[in-house]
Amino acid sequence: MGQTNDKGEFNVQADAGQTLIFSFMGYKSAEVKVVAGQSIVVRLLPDINNIKDIVVTGYQVIKKDNYTGNAITVSGADLKRNNPQNVIKSIASFDPSFKVLDNNFIGSDPNKLPKINVRGATAIPSINDKILDRNNLSSNYNLPAFILDGFEVSLQKVVDLDINRIESVTLLKDGAATAVYGSRAANGVMVITTKAPVAGKLQLSYNYELTFNGPDLSDYHVLNAKQKVAYEQLVGLYDTKTSTSGDTKQDELDAQLFTRLKNVASGVNTYWLSQPLRNAYQQKHSVYAQGGDQSFRYGIDLRYQTQPGVMKGSDNTRYSGGVNFTYNPSSKLIIRNDLTITQVNQANSPYGDFSKYVNANPYFPIRDSTGRLVQELANWRVNTFREGKDQYITENVFNPLYEASLSSFDKLAYTEILESFSVDYKLSKSLRLRALMSVNKTGTTSDKYVSPLSSVFYNFAADQANNKGTYDYGTNASLNLDGNVTIGYNKQLGDHYFNLVLGANILASKADVKTFSAQGFSNDRFTNIGFARIYKENSGPYGDVTRSRTAGAFFSGNYAFQNKYLLDASVRVDGSSTFGADRRYAPFGSLGIGWNIHKESFFRGSNVISQLRLKGSIATLGSISFPAYQSRSIYLYDTQHWYSTGIGATILGYGNSNLEWQKTRTTDVGMDIGLFKDRIVISPRYYYKLTKGLITDINLAPSTGFSTYKDNLGDMSNKGYELYLVAQVFHASDWNINLTGNLAHNVNKIVRISDALKAFNSNIDNFQTNKDNNAFSTPLTRYVEGKSLNTIYAVKSLGIDPENGKEILVKKDGTLTYIWDVKDVQDVGNTTPKAEGFFGSTVSYKRFMLSFSFHYRFGGQAFNQTLIDRVENADPRFNVDSRVLEQRWKQPGDHTFFKNITDLTDTYVSSRFIQKDNLIELQSLYLSYDFKPNAIRRLGLQNLRLAATANDIFRASTIQAERGIYYPFARSLTFSLLGSF
């Protein structure tokens with residue numbers, strides 16, 4: 001019937017007794033009956049569910065029906081329901097293209113950050129980085145941009161964010177959605193909106209969470225003490241005729257065997273895997289107070305959260321407090337200020353790497369007969385197959401629990417102060433001016449002390465005794481400024497709807513790093529760095545200051561005609577100090593079109609199709625994927641060399657003034673299909689991304705003093721499809737059942753690379769064949785045009801010859817051999833799955849709610865590192881996977897997966913260890929109950945909810961591999977209580 005004016009006033013002709021319906025995008029509708037002679041005052045409340053009907057880009061709020069971009073919006077309530085402890089994993093379950101990469105090393109370590117990419121990798125790691133294998137392929141350069149209430153923040157800030165403060169999260173993925181961010185948009189954008197205070201009398205909300213975490217050891221199958229001794233005898237560990245015995249005499253070997261057998265007979269069967277682990281109990285208390293009137297609203301939040309890990313001594317404790325207010329001195333002006341202070345204290349486990357406990361032999365007791373914790377459990381004489389005096393060496397076997405008994409520590413702490421201020425002024429009914437500014441100051445300190453009694457110094461010579469014990473100390477003071485000014489135009493002119501914004505922004509950052517290392521501690525109890533004797537050998541104080549600036553101007557427009565024909569367009573120009581002086585600025589832009597077919601007259605009245613939207617977009621985006629100094633020739637002062645003319649200096653790197661932006665061209669098409677009044681909504685998507693000008697390394701002549709420098713000489717493509725399904729299966733007065741599902745598939749391809757990366761493949765061959773690098777059994781990453789970053793490279797294998805227990809290998813020319821040759825390494829597999837995604841359901845009955853979410857993956861391949869490291873190449877001096885006894889070749893005619901059990905020669909990487917990677921896991925199970933208001937009002941409560949969430953409950957995979965090499969994975973159960981007063 002009409003709309004309000006710029007003061008929120010309205011005038012409607014209506015009869016007494018009639019009902020007026022008031023609605024606004026993102027708020028709950030209100031129905032008010034007209035009473036003769038009385039004016040009407042309406043206050044709309046935010047509607048978290050309807051927040052999915054809008055798209056928050058960070059610069060605009062756009063109706064989803066009129067938007068041609070690809071965006072996924074998730075409410076904070078849905079995120080918490082899925083995973084209250086891990087906001088990143090929770091987001092991933094709603095959009096499979098936002099992929100949290102598997103990291104089999106760090107497991108559930110509370111102090112490690114996840115690796116993420118959106119719609120595939122768009123950068124090649126530097127060849128100056130360490131050699132990459134499938135497990136540690138870096139994704140740091142493929143992170144999306146994180147925008148919190150209009151300002152860019154780090155991944156660490158998102159991980160540390162209190163999930164109770166999140167109003168909504170919007171994932172922007174295609175060009176039409178992200179191009180307004182220009183140089184930050186190539187890998188997608190995550191826009192996080194926190195809750196704003198609501199006017200009214202003082203409201204107090206309290207949330208308590210208690211989480212039980214238990215280590216998941218279901219993928220570990222090691223030998224017990226009796227089996228381990230039997231295996232050692234089977235491989236000839238106590239026989240001088242085998243190479244495993246070193247130069248130890250037979251009577252000494254017999255004595256060692258007798259000691260082991262005696263321990264087994266006396267009942268020693270130590271399960272070392274449980275020794276460094278615990279069931280961890282986490283707590284979170286968060287309080288939020290809000291209130292005020294229409295002109296001034298305030299909010300105060302406090303949080304205390306403990307997050308101890310399942311390895312003893314590991315911990316992540318967070319404290320945070322915030323004050324935010326919104327001031328409306330008039331109907332035209334809105335002033336908002338947010339101040340948040342966060343303190344995070346991290347401690348890594350003094351028990352060290354979990355792999356040490358997996359390798360420990362079960363026939364060793366933890367303590368000796370007097371109850372004393374033994375440092376050295378045993379020692380072995382090992383044949384190195386070198387010539388001379390180094391052919392046989394002594395290897396110590398240390399008690400991993402001994403390290404935890406010392407005063408060593410490894411901890412980190414940081415304090416973050418985030419201040420943001422914004423002014424929103426309504427120039428007219430349809431024109432708004434908005435200015436925002438944020439300051440983020442973070443101070444980080446790290447301390448790592450290694451006791452002089454540590455096993456690290458066990459073999460130090462006597463004259464080096466005063467150098468035992470080390471201390472590494474570091475600080476990092478960072479300051480980030482982020483500001484932007486926008487003018488927005490939002491107006492309906494007849495059949496034409498305009499949502500336009502013109503703006504500019506600037507980013508500036510500074511990081512000041514200081515570190516030094518000391519050594520020489522006289523006592524385990526003297527842990528202060530002041531007790532150190534000297535700086536660590538060949539080292540001294542180090543400092544580094546890094547500054548970078550980025551500035552840009554942009555325009556973004558959303559247009560709809562009759563809500564049928566849609567247009568989105570944006571253009572942006574960015575400049576960055578990171579790039580060469582000759583290529584400092586670059587333009588970016590996007591164009592999107594859409595058609596709401598269901599709005600057409602010929603479609604109205606359809607009883608089946610209630611929504612049908614076609615849309616597509618093209619865009620050019622950018623990214624900055626290398627350190628700031630790479631475009632310049634910078635000098636490093638050498639404090640170790642002083643001359644009569646002053647201090648010495650060396651060139652840190654060879655600069656390139658023509659280094660320019662890495663650009664990604666994207667094409668995205670999709671449709672939204674709603675059936676039966678949108679009870680079923682299906683949304684398929686297809687995309688293609690071509691990243692041109694990949695910043696890679698170029699070979700230089702040795703006379704320059706450098707081997708490589710940075711230039712734009714590489715292209716990479718990603719293409720794929722996504723499918724989303726939401727269905728309301730059943731709805732009644734007390735029942736509601738919804739189903740959700742999604743899937744994604746991405747194909748990565750290296751289109752073009754530099755000569756330096758081609759030459760790097762030869763370096764990888766040399767690296768892999770060098771036994772000292774211990775990389776012969778790992779599939780290393782290679783860069784080949786036409787192939788994927790996900791390609792697995794190894795020598796083809798036909799399996800084990802049943803006649804002699806040797807592996808049959810296939811050379812590149814097709815001939816067969818028993819001899820492994822790095823020149824025969826080729827493409828033998830790909831980790832890319834045919835599809836990956838999530839499916840689940842939400843069931844509500846009266847005041848009960850039940851939901852669950854499954855993650856699945858199928859059609860890909862993976863190299864099972866456990867089979868080669870812990871079975872085939874297992875060192876019999878340490879504990880091994882139980883399959884070493886069950887599936888090894890033992891006699892002619894055996895058809896087995898593994899080679900001869902007595903063959904202790906090294907097995908090199910081959911296709912025999914590539915397996916189908918199919919997975920299904922129950923990642924989340926949620927149950928809640930909301931108490932009736934009448935029952936809790938006498939307690940002074942407005943609402944009260946009890947909930948329980950279980951995460952990572954069940955997992956079934958076609959690959960049986962040890963998971964959590966350095967830190968085990970965990971399962972969790974969270975109980976929460978949420979009440980408001």
# chains A, B, ... in the order shown; residues from 1 in each chain; ligands from 1
call {"tool": "residues_around", "arguments": {"residues": "region 60-62 of chain A", "least_positions_apart": "2", "cutoff": "10 Å", "atoms": "only C-alpha atoms", "output": "number ranges by chain"}}
result
A: 25-26, 53-58, 64-67, 486, 488-490, 499-501, 556-558
call {"tool": "write_last_selection", "arguments": {"atoms": "N, CA and C atoms", "output": "PDB file, in the first residue's frame"}}
result
ATOM      1  N   MET A  25      13.146  -5.708   4.474  1.00  0.00           N
ATOM      2  CA  MET A  25      14.121  -6.725   4.137  1.00  0.00           C
ATOM      3  C   MET A  25      15.044  -7.026   5.327  1.00  0.00           C
ATOM      4  N   GLY A  26      15.084  -8.311   5.720  1.00  0.00           N
ATOM      5  CA  GLY A  26      15.950  -8.720   6.825  1.00  0.00           C
ATOM      6  C   GLY A  26      15.297  -8.636   8.189  1.00  0.00           C
ATOM      7  N   ASP A  53      17.431 -14.093   2.588  1.00  0.00           N
ATOM      8  CA  ASP A  53      16.793 -13.466   1.427  1.00  0.00           C
ATOM      9  C   ASP A  53      17.558 -12.242   0.956  1.00  0.00           C
ATOM     10  N   ILE A  54      18.643 -11.896   1.648  1.00  0.00           N
ATOM     11  CA  ILE A  54      19.444 -10.756   1.244  1.00  0.00           C
ATOM     12  C   ILE A  54      20.898 -11.193   1.090  1.00  0.00           C
ATOM     13  N   VAL A  55      21.663 -10.374   0.399  1.00  0.00           N
ATOM     14  CA  VAL A  55      23.092 -10.616   0.229  1.00  0.00           C
ATOM     15  C   VAL A  55      23.841  -9.400   0.745  1.00  0.00           C
ATOM     16  N   VAL A  56      24.716  -9.616   1.719  1.00  0.00           N
ATOM     17  CA  VAL A  56      25.536  -8.547   2.276  1.00  0.00           C
ATOM     18  C   VAL A  56      26.916  -8.655   1.644  1.00  0.00           C
ATOM     19  N   THR A  57      27.258  -7.701   0.791  1.00  0.00           N
ATOM     20  CA  THR A  57      28.540  -7.751   0.094  1.00  0.00           C
ATOM     21  C   THR A  57      29.645  -7.022   0.844  1.00  0.00           C
ATOM     22  N   GLY A  58      29.303  -6.324   1.907  1.00  0.00           N
ATOM     23  CA  GLY A  58      30.268  -5.498   2.614  1.00  0.00           C
ATOM     24  C   GLY A  58      30.139  -4.031   2.244  1.00  0.00           C
ATOM     25  N   LYS A  64      18.228 -10.819  -2.649  1.00  0.00           N
ATOM     26  CA  LYS A  64      18.770 -12.000  -3.320  1.00  0.00           C
ATOM     27  C   LYS A  64      18.054 -12.278  -4.633  1.00  0.00           C
ATOM     28  N   ASP A  65      16.757 -11.957  -4.697  1.00  0.00           N
ATOM     29  CA  ASP A  65      15.988 -12.197  -5.920  1.00  0.00           C
ATOM     30  C   ASP A  65      16.478 -11.337  -7.079  1.00  0.00           C
ATOM     31  N   ASN A  66      17.124 -10.216  -6.760  1.00  0.00           N
ATOM     32  CA  ASN A  66      17.572  -9.294  -7.803  1.00  0.00           C
ATOM     33  C   ASN A  66      19.074  -9.339  -8.031  1.00  0.00           C
ATOM     34  N   TYR A  67      19.727 -10.365  -7.505  1.00  0.00           N
ATOM     35  CA  TYR A  67      21.194 -10.418  -7.514  1.00  0.00           C
ATOM     36  C   TYR A  67      21.668 -11.484  -8.503  1.00  0.00           C
ATOM     37  N   THR A 486      31.966   5.657   0.995  1.00  0.00           N
ATOM     38  CA  THR A 486      31.052   5.273  -0.082  1.00  0.00           C
ATOM     39  C   THR A 486      29.851   6.204  -0.130  1.00  0.00           C
ATOM     40  N   GLY A 488      26.014   5.745  -1.482  1.00  0.00           N
ATOM     41  CA  GLY A 488      25.065   4.748  -1.960  1.00  0.00           C
ATOM     42  C   GLY A 488      23.760   5.370  -2.431  1.00  0.00           C
ATOM     43  N   TYR A 489      23.245   4.822  -3.504  1.00  0.00           N
ATOM     44  CA  TYR A 489      21.969   5.294  -4.061  1.00  0.00           C
ATOM     45  C   TYR A 489      21.043   4.096  -4.157  1.00  0.00           C
ATOM     46  N   ASN A 490      19.909   4.178  -3.485  1.00  0.00           N
ATOM     47  CA  ASN A 490      18.971   3.060  -3.433  1.00  0.00           C
ATOM     48  C   ASN A 490      17.569   3.613  -3.657  1.00  0.00           C
ATOM     49  N   ASN A 499      20.334   0.063  -7.040  1.00  0.00           N
ATOM     50  CA  ASN A 499      21.132  -0.067  -5.824  1.00  0.00           C
ATOM     51  C   ASN A 499      22.584   0.150  -6.242  1.00  0.00           C
ATOM     52  N   LEU A 500      23.070   1.399  -6.078  1.00  0.00           N
ATOM     53  CA  LEU A 500      24.365   1.789  -6.610  1.00  0.00           C
ATOM     54  C   LEU A 500      25.273   2.269  -5.482  1.00  0.00           C
ATOM     55  N   VAL A 501      26.563   2.071  -5.646  1.00  0.00           N
ATOM     56  CA  VAL A 501      27.519   2.549  -4.666  1.00  0.00           C
ATOM     57  C   VAL A 501      28.802   2.975  -5.374  1.00  0.00           C
ATOM     58  N   SER A 556      29.947   0.055  -7.970  1.00  0.00           N
ATOM     59  CA  SER A 556      29.186  -1.185  -8.068  1.00  0.00           C
ATOM     60  C   SER A 556      27.710  -0.845  -8.172  1.00  0.00           C
ATOM     61  N   GLY A 557      27.034  -1.463  -9.124  1.00  0.00           N
ATOM     62  CA  GLY A 557      25.623  -1.173  -9.329  1.00  0.00           C
ATOM     63  C   GLY A 557      24.795  -2.426  -9.511  1.00  0.00           C
ATOM     64  N   ASN A 558      23.613  -2.397  -8.911  1.00  0.00           N
ATOM     65  CA  ASN A 558      22.638  -3.467  -9.064  1.00  0.00           C
ATOM     66  C   ASN A 558      21.342  -2.836  -9.599  1.00  0.00           C
TER      67      ASN A 558
END
call {"tool": "residues_around", "arguments": {"residues": "Asp894 (chain A)", "least_positions_apart": "6", "cutoff": "10 Å", "atoms": "only C-alpha atoms", "output": "list in words"}}
result
Ile800, Asp801, Pro802, Glu803, Asn804, Gly805, Gln887, Arg888 and Asn900 of chain A
call {"tool": "write_last_selection", "arguments": {"atoms": "C-alpha atoms", "output": "compact mmCIF listing (two decimals), in the first residue's frame"}}
result
# COMPACT_ATOMS: atom_id res chain seq x y z
CA ILE A 800 54.18 -57.97 -6.18
CA ASP A 801 55.59 -60.91 -8.14
CA PRO A 802 54.20 -64.03 -6.40
CA GLU A 803 57.34 -65.99 -7.31
CA ASN A 804 59.88 -63.91 -5.42
CA GLY A 805 58.04 -61.18 -3.50
CA GLN A 887 49.80 -59.05 4.46
CA ARG A 888 53.51 -59.48 3.64
CA ASN A 900 58.90 -60.04 0.99
call {"tool": "atom_distance", "arguments": {"atom1": "CA of Phe954 (chain A)", "atom2": "CA of Ser924 (chain A)"}}
result
9.4 Å
call {"tool": "closest_residue", "arguments": {"among": "A:Arg184, A:Lys157, A:Arg434, A:Arg165", "to": "Gln343 (chain A)", "atoms": "only C-alpha atoms"}}
result
A:Lys157
call {"tool": "select_by_dssp", "arguments": {"residues": "region 224-435 of chain A", "states": "helix (DSSP H, G or I)", "output": "JSON, numbers by chain"}}
result
{"A": [225, 226, 227, 228, 229, 230, 231, 232, 233, 234, 243, 244, 245, 250, 251, 252, 253, 254, 255, 256, 257, 258, 259, 260, 261, 262, 263, 264, 265, 272, 273, 274, 355, 356, 357, 358, 359, 388, 389, 390, 400, 401, 402, 403, 404]}
call {"tool": "select_by_dssp", "arguments": {"residues": "region 782-890 of chain A", "states": "strand (DSSP E or B)", "output": "PyMOL selection string"}}
result
chain A and resi 791-800+807-810+816-817+826-830+835-845+848-863+881+888-889
call {"tool": "closest_atom_pairs", "arguments": {"of": "region 176-289 of chain A", "to": "region 325-334 of chain A", "cutoff": "12 Å", "atoms": "only C-alpha atoms", "output": "JSON lines"}}
result
{"residue": "A:Lys195", "atom": "CA", "partner": "A:Phe325", "partner_atom": "CA", "distance": 11.4}
{"residue": "A:Ala196", "atom": "CA", "partner": "A:Thr326", "partner_atom": "CA", "distance": 8.3}
{"residue": "A:Pro197", "atom": "CA", "partner": "A:Phe325", "partner_atom": "CA", "distance": 7.3}
{"residue": "A:Val198", "atom": "CA", "partner": "A:Thr326", "partner_atom": "CA", "distance": 9.5}
{"residue": "A:Ala199", "atom": "CA", "partner": "A:Thr326", "partner_atom": "CA", "distance": 9.8}
{"residue": "A:Ala289", "atom": "CA", "partner": "A:Phe325", "partner_atom": "CA", "distance": 11.5}
call {"tool": "write_last_selection", "arguments": {"atoms": "N, CA, C and O atoms", "output": "JSON list (two decimals), in the first residue's frame"}}
result
[["chain", "number", "residue", "atom", "x", "y", "z"],
["A", 195, "LYS", "N", 26.40, -9.12, 15.41],
["A", 195, "LYS", "CA", 25.11, -8.67, 15.89],
["A", 195, "LYS", "C", 25.19, -7.22, 16.37],
["A", 195, "LYS", "O", 26.11, -6.85, 17.10],
["A", 196, "ALA", "N", 24.21, -6.42, 15.95],
["A", 196, "ALA", "CA", 24.11, -5.04, 16.39],
["A", 196, "ALA", "C", 23.15, -4.96, 17.58],
["A", 196, "ALA", "O", 22.22, -5.76, 17.69],
["A", 197, "PRO", "N", 23.38, -4.04, 18.50],
["A", 197, "PRO", "CA", 22.49, -3.95, 19.66],
["A", 197, "PRO", "C", 21.07, -3.57, 19.25],
["A", 197, "PRO", "O", 20.85, -2.84, 18.28],
["A", 198, "VAL", "N", 20.10, -4.09, 19.99],
["A", 198, "VAL", "CA", 18.68, -3.85, 19.73],
["A", 198, "VAL", "C", 18.13, -2.92, 20.80],
["A", 198, "VAL", "O", 18.46, -3.04, 21.99],
["A", 199, "ALA", "N", 17.32, -1.95, 20.37],
["A", 199, "ALA", "CA", 16.75, -0.98, 21.31],
["A", 199, "ALA", "C", 15.77, -1.66, 22.26],
["A", 199, "ALA", "O", 15.18, -2.70, 21.95],
["A", 289, "ALA", "N", 25.19, -7.86, 26.92],
["A", 289, "ALA", "CA", 24.17, -6.95, 27.45],
["A", 289, "ALA", "C", 23.88, -5.90, 26.39],
["A", 289, "ALA", "O", 24.81, -5.35, 25.78]]
call {"tool": "closest_residue", "arguments": {"among": "A:Ser797, A:Leu789, A:Gly714, A:His731", "to": "Asp755 (chain A)", "atoms": "only C-alpha atoms"}}
result
A:Gly714
call {"tool": "residues_around", "arguments": {"residues": "Ala862 (chain A)", "least_positions_apart": "6", "cutoff": "6 Å", "atoms": "only C-alpha atoms", "output": "PyMOL selection string"}}
result
chain A and resi 831+914-915+917
call {"tool": "atom_distance", "arguments": {"atom1": "CA of Leu172 (chain A)", "atom2": "CA of Glu419 (chain A)"}}
result
25.2 Å
call {"tool": "closest_residue", "arguments": {"among": "A:Ala176, A:Val880, A:Val158, A:Ile393", "to": "Gly592 (chain A)", "atoms": "only C-alpha atoms"}}
result
A:Ala176
call {"tool": "closest_residue", "arguments": {"among": "A:Gly594, A:Gln640, A:Ala462, A:Lys411", "to": "Tyr542 (chain A)", "atoms": "only C-alpha atoms"}}
result
A:Gln640
call {"tool": "residues_around", "arguments": {"residues": "Asn736 (chain A)", "least_positions_apart": "4", "cutoff": "8 Å", "atoms": "only C-alpha atoms", "output": "list in words"}}
result
Gln728, Val729, Phe730, His731, Ala732, Thr842, Val843, Ser844 and Tyr845 of chain A
call {"tool": "atom_distance", "arguments": {"atom1": "CA of Leu690 (chain A)", "atom2": "CA of Arg752 (chain A)"}}
result
11.0 Å
call {"tool": "residues_around", "arguments": {"residues": "region 645-650 of chain A", "least_positions_apart": "4", "cutoff": "9 Å", "atoms": "only C-alpha atoms", "output": "PyMOL selection string"}}
result
chain A and resi 634-641
call {"tool": "write_last_selection", "arguments": {"atoms": "all heavy atoms", "output": "PDB file, in the first residue's frame"}}
result
ATOM      1  N   ILE A 634      66.430  -4.984  -2.716  1.00  0.00           N
ATOM      2  CA  ILE A 634      66.567  -4.461  -1.365  1.00  0.00           C
ATOM      3  C   ILE A 634      67.854  -4.994  -0.746  1.00  0.00           C
ATOM      4  O   ILE A 634      68.227  -6.141  -0.952  1.00  0.00           O
ATOM      5  CB  ILE A 634      65.344  -4.851  -0.502  1.00  0.00           C
ATOM      6  CG1 ILE A 634      64.085  -4.172  -1.052  1.00  0.00           C
ATOM      7  CG2 ILE A 634      65.552  -4.470   0.950  1.00  0.00           C
ATOM      8  CD1 ILE A 634      62.848  -4.506  -0.288  1.00  0.00           C
ATOM      9  N   TYR A 635      68.501  -4.127   0.030  1.00  0.00           N
ATOM     10  CA  TYR A 635      69.766  -4.487   0.659  1.00  0.00           C
ATOM     11  C   TYR A 635      69.538  -4.958   2.095  1.00  0.00           C
ATOM     12  O   TYR A 635      68.671  -4.449   2.810  1.00  0.00           O
ATOM     13  CB  TYR A 635      70.727  -3.298   0.656  1.00  0.00           C
ATOM     14  CG  TYR A 635      71.268  -2.972  -0.715  1.00  0.00           C
ATOM     15  CD1 TYR A 635      70.570  -2.120  -1.569  1.00  0.00           C
ATOM     16  CD2 TYR A 635      72.455  -3.530  -1.164  1.00  0.00           C
ATOM     17  CE1 TYR A 635      71.051  -1.818  -2.836  1.00  0.00           C
ATOM     18  CE2 TYR A 635      72.951  -3.239  -2.425  1.00  0.00           C
ATOM     19  CZ  TYR A 635      72.249  -2.388  -3.252  1.00  0.00           C
ATOM     20  OH  TYR A 635      72.728  -2.111  -4.505  1.00  0.00           O
ATOM     21  N   LEU A 636      70.335  -5.932   2.493  1.00  0.00           N
ATOM     22  CA  LEU A 636      70.302  -6.459   3.856  1.00  0.00           C
ATOM     23  C   LEU A 636      71.646  -6.150   4.507  1.00  0.00           C
ATOM     24  O   LEU A 636      72.703  -6.543   4.004  1.00  0.00           O
ATOM     25  CB  LEU A 636      70.065  -7.968   3.851  1.00  0.00           C
ATOM     26  CG  LEU A 636      70.105  -8.670   5.202  1.00  0.00           C
ATOM     27  CD1 LEU A 636      68.910  -8.227   6.045  1.00  0.00           C
ATOM     28  CD2 LEU A 636      70.108 -10.178   5.031  1.00  0.00           C
ATOM     29  N   TYR A 637      71.612  -5.404   5.617  1.00  0.00           N
ATOM     30  CA  TYR A 637      72.846  -5.082   6.324  1.00  0.00           C
ATOM     31  C   TYR A 637      73.420  -6.334   6.988  1.00  0.00           C
ATOM     32  O   TYR A 637      72.697  -7.101   7.632  1.00  0.00           O
ATOM     33  CB  TYR A 637      72.598  -4.001   7.367  1.00  0.00           C
ATOM     34  CG  TYR A 637      72.370  -2.637   6.773  1.00  0.00           C
ATOM     35  CD1 TYR A 637      71.114  -2.039   6.802  1.00  0.00           C
ATOM     36  CD2 TYR A 637      73.416  -1.953   6.169  1.00  0.00           C
ATOM     37  CE1 TYR A 637      70.892  -0.793   6.247  1.00  0.00           C
ATOM     38  CE2 TYR A 637      73.217  -0.702   5.604  1.00  0.00           C
ATOM     39  CZ  TYR A 637      71.956  -0.132   5.643  1.00  0.00           C
ATOM     40  OH  TYR A 637      71.747   1.100   5.084  1.00  0.00           O
ATOM     41  N   ASP A 638      74.726  -6.534   6.823  1.00  0.00           N
ATOM     42  CA  ASP A 638      75.425  -7.693   7.374  1.00  0.00           C
ATOM     43  C   ASP A 638      76.162  -7.256   8.626  1.00  0.00           C
ATOM     44  O   ASP A 638      77.264  -6.701   8.571  1.00  0.00           O
ATOM     45  CB  ASP A 638      76.401  -8.249   6.331  1.00  0.00           C
ATOM     46  CG  ASP A 638      77.033  -9.548   6.790  1.00  0.00           C
ATOM     47  OD1 ASP A 638      76.792  -9.945   7.953  1.00  0.00           O
ATOM     48  OD2 ASP A 638      77.768 -10.164   5.993  1.00  0.00           O
ATOM     49  N   THR A 639      75.555  -7.506   9.776  1.00  0.00           N
ATOM     50  CA  THR A 639      76.130  -7.037  11.038  1.00  0.00           C
ATOM     51  C   THR A 639      77.379  -7.804  11.445  1.00  0.00           C
ATOM     52  O   THR A 639      78.065  -7.406  12.387  1.00  0.00           O
ATOM     53  CB  THR A 639      75.076  -7.148  12.164  1.00  0.00           C
ATOM     54  OG1 THR A 639      74.629  -8.506  12.247  1.00  0.00           O
ATOM     55  CG2 THR A 639      73.890  -6.244  11.877  1.00  0.00           C
ATOM     56  N   GLN A 640      77.699  -8.891  10.755  1.00  0.00           N
ATOM     57  CA  GLN A 640      78.887  -9.671  11.084  1.00  0.00           C
ATOM     58  C   GLN A 640      80.149  -9.121  10.417  1.00  0.00           C
ATOM     59  O   GLN A 640      81.250  -9.581  10.708  1.00  0.00           O
ATOM     60  CB  GLN A 640      78.665 -11.139  10.668  1.00  0.00           C
ATOM     61  CG  GLN A 640      77.463 -11.800  11.324  1.00  0.00           C
ATOM     62  CD  GLN A 640      77.566 -11.828  12.830  1.00  0.00           C
ATOM     63  OE1 GLN A 640      78.614 -12.148  13.377  1.00  0.00           O
ATOM     64  NE2 GLN A 640      76.477 -11.475  13.507  1.00  0.00           N
ATOM     65  N   HIS A 641      79.982  -8.182   9.476  1.00  0.00           N
ATOM     66  CA  HIS A 641      81.135  -7.664   8.748  1.00  0.00           C
ATOM     67  C   HIS A 641      81.148  -6.136   8.800  1.00  0.00           C
ATOM     68  O   HIS A 641      80.229  -5.486   8.284  1.00  0.00           O
ATOM     69  CB  HIS A 641      81.115  -8.147   7.294  1.00  0.00           C
ATOM     70  CG  HIS A 641      81.270  -9.623   7.150  1.00  0.00           C
ATOM     71  ND1 HIS A 641      80.185 -10.498   7.168  1.00  0.00           N
ATOM     72  CD2 HIS A 641      82.375 -10.405   7.012  1.00  0.00           C
ATOM     73  CE1 HIS A 641      80.614 -11.745   7.041  1.00  0.00           C
ATOM     74  NE2 HIS A 641      81.940 -11.714   6.938  1.00  0.00           N
TER      75      HIS A 641
END
call {"tool": "closest_residue", "arguments": {"among": "A:Ile147, A:Val74, A:Val822, A:Leu204", "to": "Ala185 (chain A)", "atoms": "only C-alpha atoms"}}
result
A:Ile147
